[in-house]
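Colleague: If it helps, the file is called entry25.pdb and holds PDB, C-alpha atoms and all ligand atoms:
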ATOM      1  CA  MET A   1       0.000   0.000   0.000  1.00  0.00           C
ATOM      2  CA  GLN A   2       1.631   3.235  -1.171  1.00  0.00           C
ATOM      3  CA  ALA A   3       2.060   6.083   1.315  1.00  0.00           C
ATOM      4  CA  LYS A   4       0.479   9.437   0.424  1.00  0.00           C
ATOM      5  CA  THR A   5       1.523  12.977   1.242  1.00  0.00           C
ATOM      6  CA  ALA A   6      -0.301  14.772   4.027  1.00  0.00           C
ATOM      7  CA  SER A   7      -1.253  17.524   1.587  1.00  0.00           C
ATOM      8  CA  GLU A   8      -3.226  15.062  -0.571  1.00  0.00           C
ATOM      9  CA  SER A   9      -5.806  14.896   2.213  1.00  0.00           C
ATOM     10  CA  PHE A  10      -6.019  18.681   2.671  1.00  0.00           C
ATOM     11  CA  THR A  11      -9.642  19.773   2.872  1.00  0.00           C
ATOM     12  CA  ILE A  12     -11.208  23.225   3.166  1.00  0.00           C
ATOM     13  CA  MET A  13     -14.840  23.572   4.160  1.00  0.00           C
ATOM     14  CA  ASN A  14     -16.821  26.799   4.507  1.00  0.00           C
ATOM     15  CA  GLU A  15     -20.217  27.229   6.136  1.00  0.00           C
ATOM     16  CA  LEU A  16     -22.342  30.331   6.692  1.00  0.00           C
ATOM     17  CA  VAL A  17     -23.693  30.692  10.266  1.00  0.00           C
ATOM     18  CA  LEU A  18     -27.478  31.016   9.884  1.00  0.00           C
ATOM     19  CA  PRO A  19     -30.035  31.676  12.684  1.00  0.00           C
ATOM     20  CA  ASN A  20     -30.819  27.970  13.043  1.00  0.00           C
ATOM     21  CA  ASP A  21     -27.125  27.268  13.818  1.00  0.00           C
ATOM     22  CA  THR A  22     -26.918  29.613  16.811  1.00  0.00           C
ATOM     23  CA  ASN A  23     -27.416  29.542  20.574  1.00  0.00           C
ATOM     24  CA  VAL A  24     -29.346  32.116  22.643  1.00  0.00           C
ATOM     25  CA  PHE A  25     -26.328  34.471  22.488  1.00  0.00           C
ATOM     26  CA  GLY A  26     -26.440  34.638  18.700  1.00  0.00           C
ATOM     27  CA  ASN A  27     -23.241  32.641  18.307  1.00  0.00           C
ATOM     28  CA  LEU A  28     -22.603  29.365  16.514  1.00  0.00           C
ATOM     29  CA  MET A  29     -23.551  26.373  18.693  1.00  0.00           C
ATOM     30  CA  GLY A  30     -20.604  24.167  19.681  1.00  0.00           C
ATOM     31  CA  GLY A  31     -22.456  21.027  18.646  1.00  0.00           C
ATOM     32  CA  ARG A  32     -23.077  22.360  15.129  1.00  0.00           C
ATOM     33  CA  LEU A  33     -19.381  23.250  14.788  1.00  0.00           C
ATOM     34  CA  MET A  34     -18.343  19.748  15.925  1.00  0.00           C
ATOM     35  CA  TYR A  35     -20.722  18.310  13.315  1.00  0.00           C
ATOM     36  CA  TRP A  36     -19.141  20.380  10.528  1.00  0.00           C
ATOM     37  CA  MET A  37     -15.653  19.500  11.778  1.00  0.00           C
ATOM     38  CA  ASP A  38     -16.633  15.819  11.743  1.00  0.00           C
ATOM     39  CA  ILE A  39     -17.640  16.122   8.089  1.00  0.00           C
ATOM     40  CA  ALA A  40     -14.396  17.920   7.162  1.00  0.00           C
ATOM     41  CA  ALA A  41     -12.401  15.197   8.958  1.00  0.00           C
ATOM     42  CA  ALA A  42     -14.413  12.466   7.189  1.00  0.00           C
ATOM     43  CA  ILE A  43     -13.598  14.058   3.808  1.00  0.00           C
ATOM     44  CA  ALA A  44      -9.870  14.396   4.658  1.00  0.00           C
ATOM     45  CA  SER A  45      -9.600  10.794   5.900  1.00  0.00           C
ATOM     46  CA  GLY A  46     -11.565   9.531   2.898  1.00  0.00           C
ATOM     47  CA  LYS A  47      -9.216  11.370   0.531  1.00  0.00           C
ATOM     48  CA  HIS A  48      -6.257   9.750   2.276  1.00  0.00           C
ATOM     49  CA  CYS A  49      -7.409   6.125   2.317  1.00  0.00           C
ATOM     50  CA  ASN A  50     -10.077   6.087  -0.427  1.00  0.00           C
ATOM     51  CA  ALA A  51     -12.426   4.075   1.766  1.00  0.00           C
ATOM     52  CA  PRO A  52     -15.431   4.801   3.995  1.00  0.00           C
ATOM     53  CA  CYS A  53     -14.245   5.999   7.412  1.00  0.00           C
ATOM     54  CA  MET A  54     -15.840   6.183  10.848  1.00  0.00           C
ATOM     55  CA  THR A  55     -15.196   8.636  13.697  1.00  0.00           C
ATOM     56  CA  ALA A  56     -13.414   6.712  16.478  1.00  0.00           C
ATOM     57  CA  SER A  57     -12.689   9.642  18.801  1.00  0.00           C
ATOM     58  CA  VAL A  58     -12.452  13.394  19.203  1.00  0.00           C
ATOM     59  CA  ASP A  59      -9.744  14.835  21.413  1.00  0.00           C
ATOM     60  CA  ASN A  60     -10.520  17.604  23.881  1.00  0.00           C
ATOM     61  CA  LEU A  61     -12.088  20.588  22.147  1.00  0.00           C
ATOM     62  CA  SER A  62     -12.080  24.054  23.654  1.00  0.00           C
ATOM     63  CA  PHE A  63     -13.789  26.995  22.016  1.00  0.00           C
ATOM     64  CA  LYS A  64     -11.485  30.027  22.092  1.00  0.00           C
ATOM     65  CA  THR A  65     -13.631  32.584  20.309  1.00  0.00           C
ATOM     66  CA  PRO A  66     -17.354  32.360  19.465  1.00  0.00           C
ATOM     67  CA  ILE A  67     -18.303  32.603  15.796  1.00  0.00           C
ATOM     68  CA  LYS A  68     -21.043  35.113  15.187  1.00  0.00           C
ATOM     69  CA  LEU A  69     -24.319  34.860  13.289  1.00  0.00           C
ATOM     70  CA  GLY A  70     -23.736  35.875   9.669  1.00  0.00           C
ATOM     71  CA  ASN A  71     -20.010  35.082   9.798  1.00  0.00           C
ATOM     72  CA  THR A  72     -18.407  32.306   7.774  1.00  0.00           C
ATOM     73  CA  VAL A  73     -16.887  29.229   9.425  1.00  0.00           C
ATOM     74  CA  HIS A  74     -13.661  28.256   7.680  1.00  0.00           C
ATOM     75  CA  ILE A  75     -12.430  24.727   8.506  1.00  0.00           C
ATOM     76  CA  GLU A  76      -9.142  23.211   7.336  1.00  0.00           C
ATOM     77  CA  ALA A  77      -8.491  19.489   7.848  1.00  0.00           C
ATOM     78  CA  LYS A  78      -5.478  17.320   7.061  1.00  0.00           C
ATOM     79  CA  VAL A  79      -4.367  13.801   7.984  1.00  0.00           C
ATOM     80  CA  THR A  80      -1.272  14.062  10.202  1.00  0.00           C
ATOM     81  CA  ARG A  81      -0.386  10.383  10.509  1.00  0.00           C
ATOM     82  CA  ALA A  82      -1.808   6.970   9.756  1.00  0.00           C
ATOM     83  CA  PHE A  83      -1.289   3.946  11.957  1.00  0.00           C
ATOM     84  CA  ASN A  84      -2.654   0.523  11.064  1.00  0.00           C
ATOM     85  CA  THR A  85      -6.348   1.099  10.374  1.00  0.00           C
ATOM     86  CA  SER A  86      -6.716   4.531  11.987  1.00  0.00           C
ATOM     87  CA  MET A  87      -5.745   8.059  10.984  1.00  0.00           C
ATOM     88  CA  GLU A  88      -5.335  11.228  13.028  1.00  0.00           C
ATOM     89  CA  ILE A  89      -6.805  14.354  11.432  1.00  0.00           C
ATOM     90  CA  HIS A  90      -5.837  17.855  12.532  1.00  0.00           C
ATOM     91  CA  LEU A  91      -8.489  20.538  12.161  1.00  0.00           C
ATOM     92  CA  LYS A  92      -8.184  24.300  12.421  1.00  0.00           C
ATOM     93  CA  VAL A  93     -11.198  26.574  12.525  1.00  0.00           C
ATOM     94  CA  TRP A  94     -11.535  30.296  11.864  1.00  0.00           C
ATOM     95  CA  GLY A  95     -14.457  32.685  11.885  1.00  0.00           C
ATOM     96  CA  GLU A  96     -14.543  35.142   8.963  1.00  0.00           C
ATOM     97  CA  ASP A  97     -16.363  38.469   9.006  1.00  0.00           C
ATOM     98  CA  HIS A  98     -16.602  39.421   5.360  1.00  0.00           C
ATOM     99  CA  LEU A  99     -18.389  42.730   6.050  1.00  0.00           C
ATOM    100  CA  HIS A 100     -15.586  44.062   8.250  1.00  0.00           C
ATOM    101  CA  GLN A 101     -12.906  42.014   6.465  1.00  0.00           C
ATOM    102  CA  TYR A 102     -11.220  40.187   9.293  1.00  0.00           C
ATOM    103  CA  SER A 103     -10.842  36.604  10.440  1.00  0.00           C
ATOM    104  CA  TYR A 104     -10.279  35.165  13.896  1.00  0.00           C
ATOM    105  CA  GLU A 105      -9.099  31.806  15.227  1.00  0.00           C
ATOM    106  CA  SER A 106     -11.909  29.812  16.776  1.00  0.00           C
ATOM    107  CA  ASN A 107     -10.456  26.446  17.751  1.00  0.00           C
ATOM    108  CA  GLU A 108      -8.421  23.433  16.701  1.00  0.00           C
ATOM    109  CA  ALA A 109      -8.804  19.742  17.380  1.00  0.00           C
ATOM    110  CA  TYR A 110      -7.644  16.237  16.534  1.00  0.00           C
ATOM    111  CA  TYR A 111     -10.135  13.650  15.330  1.00  0.00           C
ATOM    112  CA  THR A 112      -9.363   9.954  14.843  1.00  0.00           C
ATOM    113  CA  PHE A 113     -11.043   8.056  12.013  1.00  0.00           C
ATOM    114  CA  VAL A 114     -10.927   4.330  11.238  1.00  0.00           C
ATOM    115  CA  ALA A 115     -11.239   2.968   7.683  1.00  0.00           C
ATOM    116  CA  LEU A 116     -13.771   0.189   7.267  1.00  0.00           C
ATOM    117  CA  ASP A 117     -14.051  -2.652   4.737  1.00  0.00           C
ATOM    118  CA  PRO A 118     -17.381  -3.724   3.173  1.00  0.00           C
ATOM    119  CA  ASN A 119     -18.093  -5.857   6.258  1.00  0.00           C
ATOM    120  CA  SER A 120     -17.572  -2.830   8.526  1.00  0.00           C
ATOM    121  CA  ASN A 121     -14.328  -4.252   9.907  1.00  0.00           C
ATOM    122  CA  PRO A 122     -11.282  -1.957  10.293  1.00  0.00           C
ATOM    123  CA  ARG A 123      -9.031  -2.116   7.221  1.00  0.00           C
ATOM    124  CA  LYS A 124      -5.431  -1.050   6.632  1.00  0.00           C
ATOM    125  CA  VAL A 125      -4.688   2.504   5.485  1.00  0.00           C
ATOM    126  CA  PRO A 126      -1.695   3.973   3.614  1.00  0.00           C
ATOM    127  CA  GLY A 127       1.063   5.744   5.542  1.00  0.00           C
ATOM    128  CA  VAL A 128       1.479   9.523   5.544  1.00  0.00           C
ATOM    129  CA  ILE A 129       4.464  11.408   4.104  1.00  0.00           C
ATOM    130  CA  ALA A 130       4.957  14.658   6.015  1.00  0.00           C
ATOM    131  CA  GLU A 131       6.682  17.281   3.852  1.00  0.00           C
ATOM    132  CA  THR A 132       6.495  20.735   5.466  1.00  0.00           C
ATOM    133  CA  GLU A 133       7.931  21.637   8.888  1.00  0.00           C
ATOM    134  CA  GLU A 134       4.394  21.923  10.295  1.00  0.00           C
ATOM    135  CA  GLU A 135       3.414  18.522   8.875  1.00  0.00           C
ATOM    136  CA  LYS A 136       6.578  16.953  10.314  1.00  0.00           C
ATOM    137  CA  ALA A 137       5.886  18.401  13.785  1.00  0.00           C
ATOM    138  CA  LEU A 138       2.282  17.140  13.666  1.00  0.00           C
ATOM    139  CA  TYR A 139       3.499  13.716  12.477  1.00  0.00           C
ATOM    140  CA  GLU A 140       6.036  13.495  15.335  1.00  0.00           C
ATOM    141  CA  GLY A 141       3.462  14.441  17.996  1.00  0.00           C
ATOM    142  CA  ALA A 142       0.804  12.071  16.635  1.00  0.00           C
ATOM    143  CA  LEU A 143       2.171   8.947  18.330  1.00  0.00           C
ATOM    144  CA  ARG A 144       2.148  10.631  21.739  1.00  0.00           C
ATOM    145  CA  ARG A 145      -1.417  11.937  21.224  1.00  0.00           C
ATOM    146  CA  ARG A 146      -2.526   8.463  20.062  1.00  0.00           C
ATOM    147  CA  GLN A 147      -1.148   6.847  23.209  1.00  0.00           C
ATOM    148  CA  LEU A 148      -2.801   9.471  25.414  1.00  0.00           C
ATOM    149  CA  ARG A 149      -6.232   8.989  23.804  1.00  0.00           C
ATOM    150  CA  LEU A 150      -5.962   5.197  23.896  1.00  0.00           C
ATOM    151  CA  VAL A 151      -4.972   5.249  27.579  1.00  0.00           C
ATOM    152  CA  LEU A 152      -7.893   7.582  28.353  1.00  0.00           C
ATOM    153  CA  ALA A 153     -10.241   5.321  26.380  1.00  0.00           C
ATOM    154  CA  GLY A 154      -9.045   2.313  28.392  1.00  0.00           C
ATOM    155  CA  LYS A 155      -7.608   0.718  25.221  1.00  0.00           C
ATOM    156  CA  MET A 156      -3.953   0.885  26.258  1.00  0.00           C
ATOM    157  CA  LYS A 157      -2.226   0.248  29.559  1.00  0.00           C
ATOM    158  CA  PRO A 158      -0.394   3.337  30.849  1.00  0.00           C
ATOM    159  CA  GLU A 159       2.754   1.252  31.261  1.00  0.00           C
ATOM    160  CA  ASP A 160       2.707   0.461  27.517  1.00  0.00           C
ATOM    161  CA  ALA A 161       2.519   4.150  26.548  1.00  0.00           C
ATOM    162  CA  THR A 162       6.246   4.506  25.889  1.00  0.00           C
ATOM    163  CA  GLU A 163       6.005   7.895  24.136  1.00  0.00           C
ATOM    164  CA  LEU A 164       3.984   9.370  27.013  1.00  0.00           C
ATOM    165  CA  ARG A 165       6.382   7.999  29.581  1.00  0.00           C
ATOM    166  CA  ALA A 166       9.320   9.522  27.686  1.00  0.00           C
ATOM    167  CA  PHE A 167       7.474  12.846  27.316  1.00  0.00           C
ATOM    168  CA  PHE A 168       6.735  13.096  31.030  1.00  0.00           C
ATOM    169  CA  ALA A 169      10.154  11.576  31.853  1.00  0.00           C
ATOM    170  CA  ILE A 170       8.549   8.805  33.920  1.00  0.00           C
ATOM    171  CA  ASP A 171      11.067   6.263  35.162  1.00  0.00           C
ATOM    172  CA  SER A 172      10.024   2.676  34.434  1.00  0.00           C
ATOM    173  CA  LYS A 173      11.271   1.473  37.882  1.00  0.00           C
TER
HETATM  174  C1  LIG A 201     -13.947   2.841  15.852  1.00  0.00           C
HETATM  175  C2  LIG A 201     -14.188   1.332  15.774  1.00  0.00           C
HETATM  176  C3  LIG A 201     -14.444   0.956  14.299  1.00  0.00           C
HETATM  177  C4  LIG A 201     -12.947   0.609  16.242  1.00  0.00           C
HETATM  178  O1  LIG A 201     -13.225  -0.736  16.186  1.00  0.00           O
HETATM  179  P1  LIG A 201     -12.616  -1.790  17.230  1.00  0.00           P
HETATM  180  O2  LIG A 201     -13.375  -3.041  17.155  1.00  0.00           O
HETATM  181  O3  LIG A 201     -12.403  -1.117  18.539  1.00  0.00           O
HETATM  182  O4  LIG A 201     -11.308  -2.158  16.497  1.00  0.00           O
HETATM  183  P2  LIG A 201      -9.843  -2.204  17.033  1.00  0.00           P
HETATM  184  O5  LIG A 201      -9.719  -2.366  18.498  1.00  0.00           O
HETATM  185  O6  LIG A 201      -9.182  -3.218  16.144  1.00  0.00           O
HETATM  186  O7  LIG A 201      -9.308  -0.768  16.664  1.00  0.00           O
HETATM  187  C5  LIG A 201      -9.236  -0.354  15.322  1.00  0.00           C
HETATM  188  C6  LIG A 201      -8.495   0.957  15.306  1.00  0.00           C
HETATM  189  O8  LIG A 201      -9.284   1.925  15.985  1.00  0.00           O
HETATM  190  C7  LIG A 201      -8.478   2.596  16.939  1.00  0.00           C
HETATM  191  N1  LIG A 201      -9.319   3.000  18.038  1.00  0.00           N
HETATM  192  C8  LIG A 201     -10.230   2.248  18.686  1.00  0.00           C
HETATM  193  N2  LIG A 201     -10.796   2.980  19.641  1.00  0.00           N
HETATM  194  C9  LIG A 201     -10.243   4.209  19.596  1.00  0.00           C
HETATM  195  C10 LIG A 201     -10.414   5.406  20.342  1.00  0.00           C
HETATM  196  N3  LIG A 201     -11.298   5.490  21.325  1.00  0.00           N
HETATM  197  N4  LIG A 201      -9.664   6.470  20.006  1.00  0.00           N
HETATM  198  C11 LIG A 201      -8.786   6.409  18.998  1.00  0.00           C
HETATM  199  N5  LIG A 201      -8.572   5.299  18.245  1.00  0.00           N
HETATM  200  C12 LIG A 201      -9.302   4.221  18.562  1.00  0.00           C
HETATM  201  C13 LIG A 201      -7.453   1.540  17.359  1.00  0.00           C
HETATM  202  O9  LIG A 201      -6.318   2.154  17.921  1.00  0.00           O
HETATM  203  C14 LIG A 201      -7.157   0.898  16.032  1.00  0.00           C
HETATM  204  O10 LIG A 201      -6.249   1.712  15.308  1.00  0.00           O
HETATM  205  P3  LIG A 201      -4.987   1.051  14.528  1.00  0.00           P
HETATM  206  O11 LIG A 201      -5.513  -0.110  13.723  1.00  0.00           O
HETATM  207  O12 LIG A 201      -4.493   2.137  13.653  1.00  0.00           O
HETATM  208  O13 LIG A 201      -4.007   0.626  15.568  1.00  0.00           O
HETATM  209  C15 LIG A 201     -15.407   0.852  16.654  1.00  0.00           C
HETATM  210  O14 LIG A 201     -15.081   1.102  18.020  1.00  0.00           O
HETATM  211  C16 LIG A 201     -16.676   1.532  16.294  1.00  0.00           C
HETATM  212  O15 LIG A 201     -17.333   1.174  15.336  1.00  0.00           O
HETATM  213  N6  LIG A 201     -17.068   2.559  17.075  1.00  0.00           N
HETATM  214  C17 LIG A 201     -18.270   3.320  16.820  1.00  0.00           C
HETATM  215  C18 LIG A 201     -17.898   4.495  15.927  1.00  0.00           C
HETATM  216  C19 LIG A 201     -19.082   5.385  15.616  1.00  0.00           C
HETATM  217  O16 LIG A 201     -20.229   4.964  15.687  1.00  0.00           O
HETATM  218  N7  LIG A 201     -18.774   6.600  15.206  1.00  0.00           N
HETATM  219  C20 LIG A 201     -19.763   7.539  14.830  1.00  0.00           C
HETATM  220  C21 LIG A 201     -19.970   8.553  15.901  1.00  0.00           C
HETATM  221  S1  LIG A 201     -21.237   8.079  16.979  1.00  0.00           S
END
For the file at hand, write its structure as structure tokens.
Ligand SMILES: CC(C)(COP(=O)(O)OP(=O)(O)OC[C@H]1O[C@@H](n2cnc3c(N)ncnc32)[C@H](O)[C@@H]1OP(=O)(O)O)[C@@H](O)C(=O)NCCC(=O)NCCS
Modeller:
Amino acid sequence: MQAKTASESFTIMNELVLPNDTNVFGNLMGGRLMYWMDIAAAIASGKHCNAPCMTASVDNLSFKTPIKLGNTVHIEAKVTRAFNTSMEIHLKVWGEDHLHQYSYESNEAYYTFVALDPNSNPRKVPGVIAETEEEKALYEGALRRRQLRLVLAGKMKPEDATELRAFFAIDSK
């Protein structure tokens, strides 16, 4: 299976915040944003592995700046690293005010998607070739983030999380 560059999965998605997307403060609802981010991540992972993909997990998501009614939501998604059957997708989100011509960072997050075969079993995915400095840094950090999310999900024993132990300089004794 031939590895693909990270940039081949690059996805841009734009949505206009309409009244039905907002909370009582007139800002975009967090749940609606997570839904759009999920779709952007599904497109990016699908571009990478050319197979149907399923959301396995979403890492912690904090909303820095609310996106206002009438503004545009700009989402960028890219696969950072592929493992066996799973892929980590990095997403960045901006709000864009076209009337006053400025944009502002809203949030970023990591989603994990798993590729599925026709029987809905996890299937192997191609590796990722990181080319730019940013892609290389995201690729390097992906193993540590994977171990953290698998430990938190109860799918990996903390003592097996070698990257995390090295990061926090935990002695194995
Ligand atoms: C995601 C899912 C397909 C994984 O299936 P599974 O039977 O747990 O399969 P495995 O244990 O073999 O794991 C398959 C891959 O998923 C990854 N994975 C499983 N749970 C994970 C989690 N909570 N976070 C991140 N990755 C996870 C594993 O690390 C593995 O990756 P790898 O092959 O690259 O090493 C399965 O849990 C599922 O279908 N979940 C429901 C997903 C869903 O309904 N999503 C829509 C949102 S509601």
Colleague: Would you mind listing the residues within 12 Å of ligand LIG 201 (chain A), counting only C-alpha atoms and all ligand atoms, as a VMD selection string?
Modeller: chain A and resid 34 to 35 38 to 39 42 52 to 60 81 to 89 110 to 117 119 to 127 142 to 143 145 to 156
Colleague: Nearest to Leu138 (chain A): which of A:Val24, A:Glu108, A:Lys157, A:His90 is it, counting only C-alpha atoms?
Modeller: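 Distance minimum relative to Leu138 (chain A) lands on A:His90.
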Colleague: Take CA of Lys136 (chain A) and CA of Ser106 (chain A) and report the distance between them in Å, one decimal.
Modeller: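 Computing the Euclidean distance for CA of Lys136 (chain A) and CA of Ser106 (chain A) yields 23.4 Å.
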Colleague: With 8 Å as the threshold, what does the neighbourhood of (-4.5, 14.2, 7.0) contain in terms of residues, counting all atoms listed in the file? Coordinates are those of the file; answer as a list in words.
Modeller: Ala6, Ser7, Glu8, Ser9, Phe10, Ala44, Ser45, His48, Ala77, Lys78, Val79, Thr80, Arg81, Met87, Glu88, Ile89, His90 and Val128 of chain A
Colleague: Could you check which of A:Arg144, A:Lys92, A:Lys4, A:Lys47 is closest to Ser62 (chain A), using only C-alpha atoms?
Modeller: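 Closest candidate: A:Lys92.
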Colleague: The PyMOL selection byres (((chain A and resi 70) around 7) and not hetatm) - which residues does that actually catch in the file I just gave you? List them as a PyMOL selection string.
Modeller: chain A and resi 16-18+68-69+71-72
Colleague: Using CA of Trp94 (chain A) and CA of Ala130 (chain A) as the two end points, give the distance in Å to one decimal.
Modeller: 23.5 Å
Colleague: Which value, in Å to one decimal, gives the distance between CA of Val93 (chain A) and CA of Ala109 (chain A)?
Modeller: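 That distance, rounded to one decimal, is 8.7 Å.
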Colleague: Name the closest residue to Asn107 (chain A) among the candidates A:Thr65, A:Gln2, A:Thr132, A:Asn23; distances are taken between atoms, counting all atoms listed in the file.
Modeller: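 Of A:Thr65, A:Gln2, A:Thr132, A:Asn23, the one nearest Asn107 (chain A), counting all atoms listed in the file, is A:Thr65.
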Colleague: From the list A:Glu140, A:Glu159, A:Phe167, A:Met1, which residue is nearest Cys49 (chain A) when using all atoms listed in the file?
Modeller: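 Smallest distance to Cys49 (chain A) is found for A:Met1.
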Colleague: Using all atoms listed in the file, which protein or nucleic acid residues come within 9 Å of Asp21 (chain A)? Drop anything in the same chain fewer than 5 positions from it, and give the result as number ranges by chain.
Modeller: A: 26-29, 32-33, 69
Colleague: Could you name the residues that touch His74 (chain A) at 8 Å or less, counting all atoms listed in the file, but leaving out those on the same chain fewer than 6 positions away, as a list in words?
Modeller: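 Using all atoms listed in the file, the neighbours found are Ile12, Met13, Asn14, Glu15, Val93, Trp94, Gly95 and Glu96 of chain A.
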Colleague: Any chance you could model N, CA and C atoms for region 67-88 of chain A and send them as a PDB file, keeping the file's coordinate frame?
Modeller:
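What landed in selection-v8.pdb:
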ATOM      1  N   ILE A  67     -18.104  32.154  17.182  1.00  0.00           N
ATOM      2  CA  ILE A  67     -18.303  32.603  15.796  1.00  0.00           C
ATOM      3  C   ILE A  67     -19.716  33.160  15.694  1.00  0.00           C
ATOM      4  N   LYS A  68     -19.782  34.354  15.131  1.00  0.00           N
ATOM      5  CA  LYS A  68     -21.043  35.113  15.187  1.00  0.00           C
ATOM      6  C   LYS A  68     -21.998  34.784  14.036  1.00  0.00           C
ATOM      7  N   LEU A  69     -23.280  34.987  14.317  1.00  0.00           N
ATOM      8  CA  LEU A  69     -24.319  34.860  13.289  1.00  0.00           C
ATOM      9  C   LEU A  69     -23.938  35.712  12.076  1.00  0.00           C
ATOM     10  N   GLY A  70     -24.044  35.145  10.901  1.00  0.00           N
ATOM     11  CA  GLY A  70     -23.736  35.875   9.669  1.00  0.00           C
ATOM     12  C   GLY A  70     -22.286  35.766   9.255  1.00  0.00           C
ATOM     13  N   ASN A  71     -21.413  35.267  10.166  1.00  0.00           N
ATOM     14  CA  ASN A  71     -20.010  35.082   9.798  1.00  0.00           C
ATOM     15  C   ASN A  71     -19.853  33.734   9.076  1.00  0.00           C
ATOM     16  N   THR A  72     -18.713  33.564   8.452  1.00  0.00           N
ATOM     17  CA  THR A  72     -18.407  32.306   7.774  1.00  0.00           C
ATOM     18  C   THR A  72     -17.505  31.468   8.673  1.00  0.00           C
ATOM     19  N   VAL A  73     -17.770  30.171   8.721  1.00  0.00           N
ATOM     20  CA  VAL A  73     -16.887  29.229   9.425  1.00  0.00           C
ATOM     21  C   VAL A  73     -15.951  28.637   8.380  1.00  0.00           C
ATOM     22  N   HIS A  74     -14.663  28.787   8.615  1.00  0.00           N
ATOM     23  CA  HIS A  74     -13.661  28.256   7.680  1.00  0.00           C
ATOM     24  C   HIS A  74     -12.924  27.116   8.390  1.00  0.00           C
ATOM     25  N   ILE A  75     -13.052  25.908   7.882  1.00  0.00           N
ATOM     26  CA  ILE A  75     -12.430  24.727   8.506  1.00  0.00           C
ATOM     27  C   ILE A  75     -11.377  24.156   7.567  1.00  0.00           C
ATOM     28  N   GLU A  76     -10.188  23.899   8.109  1.00  0.00           N
ATOM     29  CA  GLU A  76      -9.142  23.211   7.336  1.00  0.00           C
ATOM     30  C   GLU A  76      -8.814  21.900   8.037  1.00  0.00           C
ATOM     31  N   ALA A  77      -8.759  20.812   7.274  1.00  0.00           N
ATOM     32  CA  ALA A  77      -8.491  19.489   7.848  1.00  0.00           C
ATOM     33  C   ALA A  77      -7.405  18.786   7.040  1.00  0.00           C
ATOM     34  N   LYS A  78      -6.554  18.044   7.740  1.00  0.00           N
ATOM     35  CA  LYS A  78      -5.478  17.320   7.061  1.00  0.00           C
ATOM     36  C   LYS A  78      -5.089  16.107   7.902  1.00  0.00           C
ATOM     37  N   VAL A  79      -4.827  14.989   7.254  1.00  0.00           N
ATOM     38  CA  VAL A  79      -4.367  13.801   7.984  1.00  0.00           C
ATOM     39  C   VAL A  79      -2.916  14.031   8.409  1.00  0.00           C
ATOM     40  N   THR A  80      -2.638  13.832   9.701  1.00  0.00           N
ATOM     41  CA  THR A  80      -1.272  14.062  10.202  1.00  0.00           C
ATOM     42  C   THR A  80      -0.439  12.794  10.143  1.00  0.00           C
ATOM     43  N   ARG A  81      -1.107  11.661  10.463  1.00  0.00           N
ATOM     44  CA  ARG A  81      -0.386  10.383  10.509  1.00  0.00           C
ATOM     45  C   ARG A  81      -1.390   9.241  10.442  1.00  0.00           C
ATOM     46  N   ALA A  82      -0.973   8.164   9.810  1.00  0.00           N
ATOM     47  CA  ALA A  82      -1.808   6.970   9.756  1.00  0.00           C
ATOM     48  C   ALA A  82      -1.105   5.881  10.540  1.00  0.00           C
ATOM     49  N   PHE A  83      -1.885   5.031  11.174  1.00  0.00           N
ATOM     50  CA  PHE A  83      -1.289   3.946  11.957  1.00  0.00           C
ATOM     51  C   PHE A  83      -1.574   2.633  11.211  1.00  0.00           C
ATOM     52  N   ASN A  84      -2.351   1.759  11.784  1.00  0.00           N
ATOM     53  CA  ASN A  84      -2.654   0.523  11.064  1.00  0.00           C
ATOM     54  C   ASN A  84      -3.958   0.689  10.269  1.00  0.00           C
ATOM     55  N   THR A  85      -5.048   0.874  11.026  1.00  0.00           N
ATOM     56  CA  THR A  85      -6.348   1.099  10.374  1.00  0.00           C
ATOM     57  C   THR A  85      -6.906   2.487  10.692  1.00  0.00           C
ATOM     58  N   SER A  86      -6.205   3.218  11.552  1.00  0.00           N
ATOM     59  CA  SER A  86      -6.716   4.531  11.987  1.00  0.00           C
ATOM     60  C   SER A  86      -5.836   5.670  11.470  1.00  0.00           C
ATOM     61  N   MET A  87      -6.440   6.851  11.428  1.00  0.00           N
ATOM     62  CA  MET A  87      -5.745   8.059  10.984  1.00  0.00           C
ATOM     63  C   MET A  87      -6.076   9.192  11.948  1.00  0.00           C
ATOM     64  N   GLU A  88      -5.083  10.018  12.239  1.00  0.00           N
ATOM     65  CA  GLU A  88      -5.335  11.228  13.028  1.00  0.00           C
ATOM     66  C   GLU A  88      -5.504  12.396  12.057  1.00  0.00           C
TER      67      GLU A  88
END
